[in-house]
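A.B. asks: Just one file: model35.pdb, with PDB, C-alpha atoms.
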MODEL        1
ATOM      1  CA  MET R   8     -49.626  88.150  27.538
ATOM      2  CA  LEU R   9     -48.149  91.527  26.969
ATOM      3  CA  TYR R  10     -50.214  94.647  26.537
ATOM      4  CA  CYS R  11     -49.241  97.729  24.613
ATOM      5  CA  TYR R  12     -49.188 100.620  27.052
ATOM      6  CA  HIS R  13     -50.250 103.069  24.388
ATOM      7  CA  CYS R  14     -53.169 101.348  22.612
ATOM      8  CA  GLY R  15     -53.983  98.395  24.913
ATOM      9  CA  LYS R  16     -53.511  95.692  22.256
ATOM     10  CA  ARG R  17     -53.002  92.180  23.626
ATOM     11  CA  ILE R  18     -49.843  90.584  22.289
ATOM     12  CA  ASP R  19     -48.908  86.942  22.795
ATOM     13  CA  GLU R  20     -45.127  86.991  23.060
ATOM     14  CA  HIS R  21     -44.910  83.221  22.588
ATOM     15  CA  LYS R  22     -46.448  83.486  19.128
ATOM     16  CA  LEU R  23     -44.123  86.369  18.300
ATOM     17  CA  GLU R  24     -41.091  84.411  19.435
ATOM     18  CA  CYS R  25     -42.137  81.427  17.300
ATOM     19  CA  LYS R  26     -42.404  83.598  14.194
ATOM     20  CA  LYS R  27     -39.345  85.773  14.725
ATOM     21  CA  PRO R  28     -37.099  85.204  17.778
ATOM     22  CA  SER R  29     -35.914  88.364  19.497
ATOM     23  CA  ILE R  30     -32.682  86.775  20.713
ATOM     24  CA  ASN R  31     -30.078  85.525  18.280
ATOM     25  CA  PRO R  32     -28.743  82.192  19.621
ATOM     26  CA  GLU R  33     -25.235  82.962  18.325
ATOM     27  CA  VAL R  34     -24.921  86.161  20.354
ATOM     28  CA  GLU R  35     -24.233  85.891  24.066
ATOM     29  CA  ILE R  36     -26.584  87.986  26.226
ATOM     30  CA  ASP R  37     -26.243  88.684  29.938
ATOM     31  CA  GLU R  38     -29.068  87.909  32.376
ATOM     32  CA  ASN R  39     -29.993  91.557  32.939
ATOM     33  CA  ALA R  40     -30.857  92.244  29.295
ATOM     34  CA  SER R  41     -34.461  93.226  28.765
ATOM     35  CA  ILE R  42     -36.451  92.113  25.760
ATOM     36  CA  THR R  43     -38.661  94.699  24.097
ATOM     37  CA  TYR R  44     -41.301  94.305  21.431
ATOM     38  CA  VAL R  45     -42.874  96.727  18.978
ATOM     39  CA  CYS R  46     -46.660  96.951  18.974
ATOM     40  CA  PRO R  47     -48.034  95.912  15.570
ATOM     41  CA  ARG R  48     -50.941  98.352  15.891
ATOM     42  CA  CYS R  49     -49.316 101.597  17.026
ATOM     43  CA  SER R  50     -45.524 100.888  16.768
ATOM     44  CA  HIS R  51     -44.794 101.827  20.378
ATOM     45  CA  ILE R  52     -42.173  99.875  22.315
ATOM     46  CA  ILE R  53     -43.506  97.286  24.779
ATOM     47  CA  HIS R  54     -41.240  96.156  27.594
ATOM     48  CA  GLU R  55     -41.534  93.969  30.624
ATOM     49  CA  GLY R  56     -41.775  95.697  33.970
ATOM     50  CA  MET R  57     -44.128  98.598  34.390
ATOM     51  CA  SER R  58     -43.733 102.056  35.834
ATOM     52  CA  SER R  59     -46.590 104.036  37.344
ATOM     53  CA  GLU R  60     -46.786 106.186  34.187
ATOM     54  CA  ASP R  61     -47.047 103.029  32.054
ATOM     55  CA  ALA R  62     -49.845 101.766  34.326
ATOM     56  CA  LYS R  63     -51.762 105.029  33.874
ATOM     57  CA  GLU R  64     -51.349 104.860  30.113
ATOM     58  CA  LEU R  65     -52.472 101.217  30.038
ATOM     59  CA  SER R  66     -55.470 102.173  32.195
ATOM     60  CA  ARG R  67     -56.428 104.875  29.690
ATOM     61  CA  ALA R  68     -56.022 102.427  26.818
ATOM     62  CA  SER R  69     -58.139  99.854  28.679
ATOM     63  CA  HIS R  70     -60.938 102.377  29.147
ATOM     64  CA  ALA R  71     -60.788 103.129  25.417
ATOM     65  CA  GLN R  72     -60.990  99.394  24.623
ATOM     66  CA  ILE R  73     -64.004  99.052  26.940
ATOM     67  CA  GLN R  74     -65.673 101.908  25.063
ATOM     68  CA  ARG R  75     -64.923 100.148  21.762
ATOM     69  CA  GLY R  76     -66.500  97.012  23.245
ATOM     70  CA  ASN R  77     -69.586  99.005  24.244
ATOM     71  CA  ASN R  78     -69.812 100.409  20.712
ATOM     72  CA  ALA R  79     -69.459  96.953  19.144
ATOM     73  CA  PHE R  80     -72.127  95.570  21.493
ATOM     74  CA  ALA R  81     -74.535  98.420  20.658
ATOM     75  CA  THR R  82     -73.923  98.007  16.925
ATOM     76  CA  GLY R  83     -74.471  94.254  17.181
ATOM     77  CA  MET R  84     -77.716  94.640  19.096
ATOM     78  CA  CYS R  85     -78.971  97.212  16.588
ATOM     79  CA  LEU R  86     -78.179  94.878  13.692
ATOM     80  CA  ASN R  87     -79.863  91.990  15.542
ATOM     81  CA  SER R  88     -83.056  93.981  16.056
ATOM     82  CA  LEU R  89     -83.103  95.115  12.402
ATOM     83  CA  GLY R  90     -82.475  91.524  11.308
ATOM     84  CA  ILE R  91     -85.377  90.241  13.415
ATOM     85  CA  ILE R  92     -87.736  92.919  12.074
ATOM     86  CA  ILE R  93     -86.791  92.110   8.482
ATOM     87  CA  LEU R  94     -87.114  88.385   9.265
ATOM     88  CA  VAL R  95     -90.709  88.956  10.441
ATOM     89  CA  VAL R  96     -91.446  90.861   7.220
ATOM     90  CA  SER R  97     -89.900  87.965   5.277
ATOM     91  CA  ILE R  98     -92.134  85.454   7.052
ATOM     92  CA  VAL R  99     -95.189  87.576   6.225
ATOM     93  CA  PHE R 100     -94.229  87.528   2.536
ATOM     94  CA  CYS R 101     -93.630  83.769   2.748
ATOM     95  CA  LEU R 102     -97.184  83.359   4.025
ATOM     96  CA  LEU R 103     -98.430  85.539   1.157
ATOM     97  CA  CYS R 104     -96.779  83.118  -1.321
ATOM     98  CA  ASN R 105     -99.175  80.395  -0.189
ATOM     99  CA  LYS R 106    -102.184  80.867  -2.500
ATOM    100  CA  PRO R 107    -105.483  79.133  -1.555
ATOM    101  CA  LEU R 108    -106.049  77.363  -4.861
ATOM    102  CA  GLU R 109    -102.502  76.948  -6.177
ATOM    103  CA  GLY R 110    -100.517  76.197  -3.000
ATOM    104  CA  PHE R 111     -97.027  77.629  -2.525
ATOM    105  CA  VAL R 112     -96.211  79.726  -5.612
ATOM    106  CA  THR R 113     -92.590  80.543  -6.477
ATOM    107  CA  ASN R 114     -93.115  82.673  -9.594
ATOM    108  CA  CYS R 115     -94.867  85.652  -7.999
ATOM    109  CA  GLY R 116     -93.544  88.966  -6.654
ATOM    110  CA  GLU R 117     -94.162  88.009  -3.044
ATOM    111  CA  PHE R 118     -91.746  85.093  -3.347
ATOM    112  CA  TYR R 119     -88.948  87.306  -4.668
ATOM    113  CA  VAL R 120     -89.508  89.787  -1.837
ATOM    114  CA  PHE R 121     -89.475  86.857   0.616
ATOM    115  CA  VAL R 122     -86.136  85.577  -0.714
ATOM    116  CA  GLY R 123     -84.559  89.051  -0.754
ATOM    117  CA  THR R 124     -85.643  89.971   2.750
ATOM    118  CA  MET R 125     -84.636  86.535   4.064
ATOM    119  CA  ILE R 126     -81.101  86.971   2.678
ATOM    120  CA  ILE R 127     -80.824  90.473   4.154
ATOM    121  CA  SER R 128     -82.099  89.345   7.561
ATOM    122  CA  VAL R 129     -79.704  86.386   7.732
ATOM    123  CA  ILE R 130     -76.737  88.627   6.873
ATOM    124  CA  LEU R 131     -77.788  91.210   9.467
ATOM    125  CA  LEU R 132     -78.263  88.555  12.134
ATOM    126  CA  ILE R 133     -74.860  86.944  11.467
ATOM    127  CA  VAL R 134     -73.001  90.273  11.583
ATOM    128  CA  GLY R 135     -75.048  91.375  14.606
ATOM    129  CA  VAL R 136     -74.311  88.231  16.610
ATOM    130  CA  TYR R 137     -70.603  88.514  15.737
ATOM    131  CA  ASP R 138     -70.423  92.164  16.840
ATOM    132  CA  THR R 139     -72.388  91.462  20.013
ATOM    133  CA  ILE R 140     -70.108  88.598  21.048
ATOM    134  CA  LYS R 141     -66.986  90.578  20.143
ATOM    135  CA  GLY R 142     -68.178  93.523  22.243
ATOM    136  CA  VAL R 143     -69.042  91.404  25.288
ATOM    137  CA  VAL R 144     -65.720  89.538  25.191
ATOM    138  CA  ASN R 145     -63.769  92.778  24.759
ATOM    139  CA  LYS R 146     -65.588  94.466  27.657
ATOM    140  CA  ARG R 147     -65.093  91.515  30.017
ATOM    141  CA  HIS R 148     -61.417  91.143  29.213
ATOM    142  CA  TYR R 149     -60.487  94.787  29.647
ATOM    143  CA  THR R 150     -62.684  95.151  32.739
ATOM    144  CA  ALA R 151     -60.711  92.311  34.325
ATOM    145  CA  LEU R 152     -57.480  94.017  33.247
ATOM    146  CA  LEU R 153     -58.607  97.279  34.865
ATOM    147  CA  LYS R 154     -59.513  95.418  38.045
ATOM    148  CA  ASP R 155     -55.999  93.920  38.132
ATOM    149  CA  LEU R 156     -54.476  97.349  37.504
ATOM    150  CA  ASN R 157     -56.533  98.929  40.293
ATOM    151  CA  ASN R 158     -55.678  96.145  42.737
ATOM    152  CA  LYS R 159     -52.012  96.385  41.707
ATOM    153  CA  THR R 160     -51.918  92.657  40.871
ATOM    154  CA  PHE R 161     -51.123  93.132  37.181
ATOM    155  CA  VAL R 162     -47.618  92.084  36.165
ATOM    156  CA  GLN R 163     -46.236  92.465  32.674
TER     157      GLN R 163
ENDMDL
END
Will you turn the file into structure tokens for me?
C.D. replies:
Amino acid sequence: MLYCYHCGKRIDEHKLECKKPSINPEVEIDENASITYVCPRCSHIIHEGMSSEDAKELSRASHAQIQRGNNAFATGMCLNSLGIIILVVSIVFCLLCNKPLEGFVTNCGEFYVFVGTMIISVILLIVGVYDTIKGVVNKRHYTALLKDLNNKTFVQ
């Protein structure tokens, strides 16, 4: 995996090479030639081997990605809590649809409110769970990257 020094985007060079090879097989290249890639997010040049300035820039980008992960996690948890609250309201309206003499009635206002709030709560819960998982994964990955950078065990 390569990382953009400027924005911290993970780039799988094997997938890039499968789509568009960086070396033309007809051209002869010496062993000391370095292969560079262009980041698809920020258009900065990514190269193998890392200087201390590149490590500092990647560290800054990793901290920014961790903050984005924290924001995604907070947004996901907020949407989850709103979805649960609206789900409880939906269940209350579902119980109101059950009339004592007629049974479960589907042609009353309470039923339409039940269906509407159920749809909204399911959408909020799906988006909330997605954002929460995305935030946790992002935070863990870039925290491990920062640990490798701090221990000087990261090689690009």
A.B. asks: Could you tell me which residues the PyMOL selection byres ((chain R and resi 61) around 12) returns for this structure, as a list in words?
C.D. replies: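 With the PyMOL selection byres ((chain R and resi 61) around 12) on this model, the match is Tyr10, Cys11, Tyr12, His13, Cys14, Gly15, His51, Ile52, Ile53, His54, Glu55, Gly56, Met57, Ser58, Ser59, Glu60, Ala62, Lys63, Glu64, Leu65, Ser66, Arg67, Ala68, Leu156, Phe161, Val162 and Gln163 of chain R.
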A.B. asks: Next, write the just-selected residues to a file, as a PDB file, in the coordinates of the input, keeping C-alpha atoms as the atom set.
C.D. replies:
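Generated file (again_35.pdb):
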ATOM      1  CA  TYR R  10     -50.214  94.647  26.537  1.00  0.00           C
ATOM      2  CA  CYS R  11     -49.241  97.729  24.613  1.00  0.00           C
ATOM      3  CA  TYR R  12     -49.188 100.620  27.052  1.00  0.00           C
ATOM      4  CA  HIS R  13     -50.250 103.069  24.388  1.00  0.00           C
ATOM      5  CA  CYS R  14     -53.169 101.348  22.612  1.00  0.00           C
ATOM      6  CA  GLY R  15     -53.983  98.395  24.913  1.00  0.00           C
ATOM      7  CA  HIS R  51     -44.794 101.827  20.378  1.00  0.00           C
ATOM      8  CA  ILE R  52     -42.173  99.875  22.315  1.00  0.00           C
ATOM      9  CA  ILE R  53     -43.506  97.286  24.779  1.00  0.00           C
ATOM     10  CA  HIS R  54     -41.240  96.156  27.594  1.00  0.00           C
ATOM     11  CA  GLU R  55     -41.534  93.969  30.624  1.00  0.00           C
ATOM     12  CA  GLY R  56     -41.775  95.697  33.970  1.00  0.00           C
ATOM     13  CA  MET R  57     -44.128  98.598  34.390  1.00  0.00           C
ATOM     14  CA  SER R  58     -43.733 102.056  35.834  1.00  0.00           C
ATOM     15  CA  SER R  59     -46.590 104.036  37.344  1.00  0.00           C
ATOM     16  CA  GLU R  60     -46.786 106.186  34.187  1.00  0.00           C
ATOM     17  CA  ALA R  62     -49.845 101.766  34.326  1.00  0.00           C
ATOM     18  CA  LYS R  63     -51.762 105.029  33.874  1.00  0.00           C
ATOM     19  CA  GLU R  64     -51.349 104.860  30.113  1.00  0.00           C
ATOM     20  CA  LEU R  65     -52.472 101.217  30.038  1.00  0.00           C
ATOM     21  CA  SER R  66     -55.470 102.173  32.195  1.00  0.00           C
ATOM     22  CA  ARG R  67     -56.428 104.875  29.690  1.00  0.00           C
ATOM     23  CA  ALA R  68     -56.022 102.427  26.818  1.00  0.00           C
ATOM     24  CA  LEU R 156     -54.476  97.349  37.504  1.00  0.00           C
ATOM     25  CA  PHE R 161     -51.123  93.132  37.181  1.00  0.00           C
ATOM     26  CA  VAL R 162     -47.618  92.084  36.165  1.00  0.00           C
ATOM     27  CA  GLN R 163     -46.236  92.465  32.674  1.00  0.00           C
TER      28      GLN R 163
END
A.B. asks: Mind giving me the straight-line distance from CA of His70 in chain R to CA of Asp155 in chain R in Å, one decimal?
C.D. replies: 13.3 Å
A.B. asks: Near Leu89 in chain R, within 9 Å and counting all atoms listed in the file, which residues show up once chain neighbours fewer than 6 positions away are dropped, as an NGL selection string?
C.D. replies: :R and (128 or 131-132)
A.B. asks: Have a look at CA of Phe121 in chain R and CA of Ile98 in chain R and let me know their distance in Å, one decimal.
C.D. replies: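 Distance reported for this atom pair: 7.1 Å.
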A.B. asks: Looking at all atoms listed in the file, which of R:Thr124, R:Asn77, R:Ser88, R:Thr82 is the one that sits closest to Cys101 in chain R?
C.D. replies: R:Thr124
A.B. asks: Using all atoms listed in the file, which protein or nucleic acid residues come within 9 Å of Phe100 in chain R? Drop anything in the same chain fewer than 5 positions from it, and give the result as a ChimeraX atom specification.
C.D. replies: /R:95,117-122,124
A.B. asks: Dump C-alpha atoms for the selected residues as a tab-separated table (two decimals), in the frame of the given file?
C.D. replies:
chain	number	residue	atom	x	y	z
R	95	VAL	CA	-90.71	88.96	10.44
R	117	GLU	CA	-94.16	88.01	-3.04
R	118	PHE	CA	-91.75	85.09	-3.35
R	119	TYR	CA	-88.95	87.31	-4.67
R	120	VAL	CA	-89.51	89.79	-1.84
R	121	PHE	CA	-89.48	86.86	0.62
R	122	VAL	CA	-86.14	85.58	-0.71
R	124	THR	CA	-85.64	89.97	2.75
A.B. asks: At a cut-off of 12 Å around the point (-75.8, 91.4, 5.8) (file coordinates), what residues fall inside when counting all atoms listed in the file? I'd like the answer as a PDB file with C-alpha atoms, in the coordinates of the input.
C.D. replies:
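What ended up in point22.pdb:
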ATOM      1  CA  GLY R  83     -74.471  94.254  17.181  1.00  0.00           C
ATOM      2  CA  LEU R  86     -78.179  94.878  13.692  1.00  0.00           C
ATOM      3  CA  ASN R  87     -79.863  91.990  15.542  1.00  0.00           C
ATOM      4  CA  LEU R  89     -83.103  95.115  12.402  1.00  0.00           C
ATOM      5  CA  GLY R  90     -82.475  91.524  11.308  1.00  0.00           C
ATOM      6  CA  ILE R  93     -86.791  92.110   8.482  1.00  0.00           C
ATOM      7  CA  GLY R 123     -84.559  89.051  -0.754  1.00  0.00           C
ATOM      8  CA  THR R 124     -85.643  89.971   2.750  1.00  0.00           C
ATOM      9  CA  MET R 125     -84.636  86.535   4.064  1.00  0.00           C
ATOM     10  CA  ILE R 126     -81.101  86.971   2.678  1.00  0.00           C
ATOM     11  CA  ILE R 127     -80.824  90.473   4.154  1.00  0.00           C
ATOM     12  CA  SER R 128     -82.099  89.345   7.561  1.00  0.00           C
ATOM     13  CA  VAL R 129     -79.704  86.386   7.732  1.00  0.00           C
ATOM     14  CA  ILE R 130     -76.737  88.627   6.873  1.00  0.00           C
ATOM     15  CA  LEU R 131     -77.788  91.210   9.467  1.00  0.00           C
ATOM     16  CA  LEU R 132     -78.263  88.555  12.134  1.00  0.00           C
ATOM     17  CA  ILE R 133     -74.860  86.944  11.467  1.00  0.00           C
ATOM     18  CA  VAL R 134     -73.001  90.273  11.583  1.00  0.00           C
ATOM     19  CA  GLY R 135     -75.048  91.375  14.606  1.00  0.00           C
ATOM     20  CA  VAL R 136     -74.311  88.231  16.610  1.00  0.00           C
ATOM     21  CA  TYR R 137     -70.603  88.514  15.737  1.00  0.00           C
TER      22      TYR R 137
END
A.B. asks: To one decimal place in Å, what is the distance between CA of Ile73 in chain R and CA of Lys146 in chain R?
C.D. replies: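 Between these atoms lies a distance of 4.9 Å.
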A.B. asks: Using all atoms listed in the file, what residues lie at most 12 Å away from (-69.7, 91.3, 26.0) (file coordinates), given as a ChimeraX atom specification?
C.D. replies: /R:72-81,83-84,136-150
A.B. asks: Once the PyMOL selection byres ((chain R and resi 8) around 9) has been evaluated on this model, what residues remain selected, and can you format them as a VMD selection string?
C.D. replies: chain R and resid 9 to 10 17 to 21 163
A.B. asks: Produce the centre coordinates and the three edge lengths, each in Å to one decimal, of the box along x, y and z that contains all listed atoms of range 113-122 of chain R with 3 Å added on each side, as AutoDock Vina command-line options.
C.D. replies:
--center_x -90.5 --center_y 85.2 --center_z -4.5 --size_x 14.7 --size_y 15.2 --size_z 16.2
